[in-house]
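Structure, as structure tokens:
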Amino acid sequence: MDPLSLNLFTSAVEDIDRTQYEVLAGLETARSAFEEQRVYPHLGRLAKLHGALSTILDRTENFRTPDTGRIAGIDWEDKTLTYEWPDLDGGEMAEVEDLIRWALPHIREVIDEGTAVYEEVEDNLELETVGIVPSYVQEGYLMVPHRDDEELHVLRYTLSLIEGDGETHRALKTVHCKTVPEEEVDANPSSVKLQLIEERRDLPTPATYFSKTDLDVPYQETLLPVVKRRLVRQLAAETGTADARRQ
């Protein structure tokens, strides 16, 4: 279970000092992971927490008016506010607001550290096409070498569009197909692509991409997530659409 969650802030009024200690301890765990170049899941979770806390704090400040009354609490699951009239005690809610204001810059500092690791990996990453790119690129294969294990991971991807809040988002789903010892892969991994075509007849002319980097970073926690997000943006560009937003 993630120690840094909205639930930590809901119980903050019971012991503010303890909650601050738990926040700092959780951030130190994430910082240690970033020092080991393990970006996920910590970076995504911290970004989501920072966004939720910022939204809640903005709403408490924007909606505290004589007409709405004093904010009495938060429905953390729905990120909505509950109110009480000004003659009721709002001291506990004020303590939570102060805690959020204290926590946000600490969380942002660690997010920046994780982002720096992410960007270093991305800046040293190339994504090449294998063979001719077909007109249909919403499905295909992604090859990700992992230097530490001397293996090539082959994944099948599916790109889908999700409509929500008036915007269109792109989601990339991957399924691991197989792992190939890296010494069996040619400098150009076209042989692996030919094997895939023989093994999986439902994609006779698949779009196929091969990632390259000189960095030795954790595969599951860093390399694969960065490669997948790079692929989403490349697919968006190849289909003539705007760059996909990072998820």
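Residues are referred to by chain and number: the chain letter is A, B, ... according to the order shown in the structure tokens, the number counts from 1 in that chain, and ligands are numbered separately from 1 in the order shown.
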* Asked: Which residues come within 9 Å of region 22-36 of chain A, counting only C-alpha atoms, excluding same-chain residues fewer than 5 positions away, as a PyMOL selection string?
  -> chain A and resi 2-4+8+17+42-43+46+103+106-107+110-111+113-114+117+217-218
* Looking at only C-alpha atoms, which of A:His176, A:Lys193, A:His146, A:Arg101 is the one that sits closest to Tyr219 (chain A)? -> A:His146
* Could you pull out the strand (DSSP E or B) residues of region 85-200 of chain A from DSSP and send them as number ranges by chain? -> A: 125-129, 139-146, 151-164, 167-181
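In this comparison, which uses only C-alpha atoms, the residue of A:Glu139, A:Glu199, A:Leu215, A:Leu155 approaching Thr179 (chain A) most closely is A:Leu155.
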* Long-range neighbours of Asp214 (chain A) as a ChimeraX atom specification, 12 Å cut-off, only C-alpha atoms, 5 positions minimum in chain -> /A:120-126,145-148,223
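Minimum atom-to-atom distances from A:Leu161, A:Leu224, A:Ala171, A:Ala116 to Val144 (chain A) were compared using only C-alpha atoms, and the lowest value belongs to A:Leu224.
Nearest to Lys173 (chain A) of all the residues A:Leu142, A:Leu6, A:Ile100, A:Leu53 is A:Leu142, based on only C-alpha atoms.
Summary of the local environment: counting only C-alpha atoms, residues at most 12 Å from region 201-204 of chain A, other than itself and those fewer than 2 positions away along its chain, are Pro134, Tyr136, Val137, Gln138, Glu139, Gly140, Tyr141, Arg156, Tyr157, Thr158, Lys193, Leu194, Gln195, Leu196, Ile197, Glu198, Glu199, Pro206, Ala207 and Thr208 of chain A.
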* What lies within 9 Å of Lys178 (chain A) using only C-alpha atoms, ignoring chain neighbours under 4 positions off, as a ChimeraX atom specification? -> /A:152-155
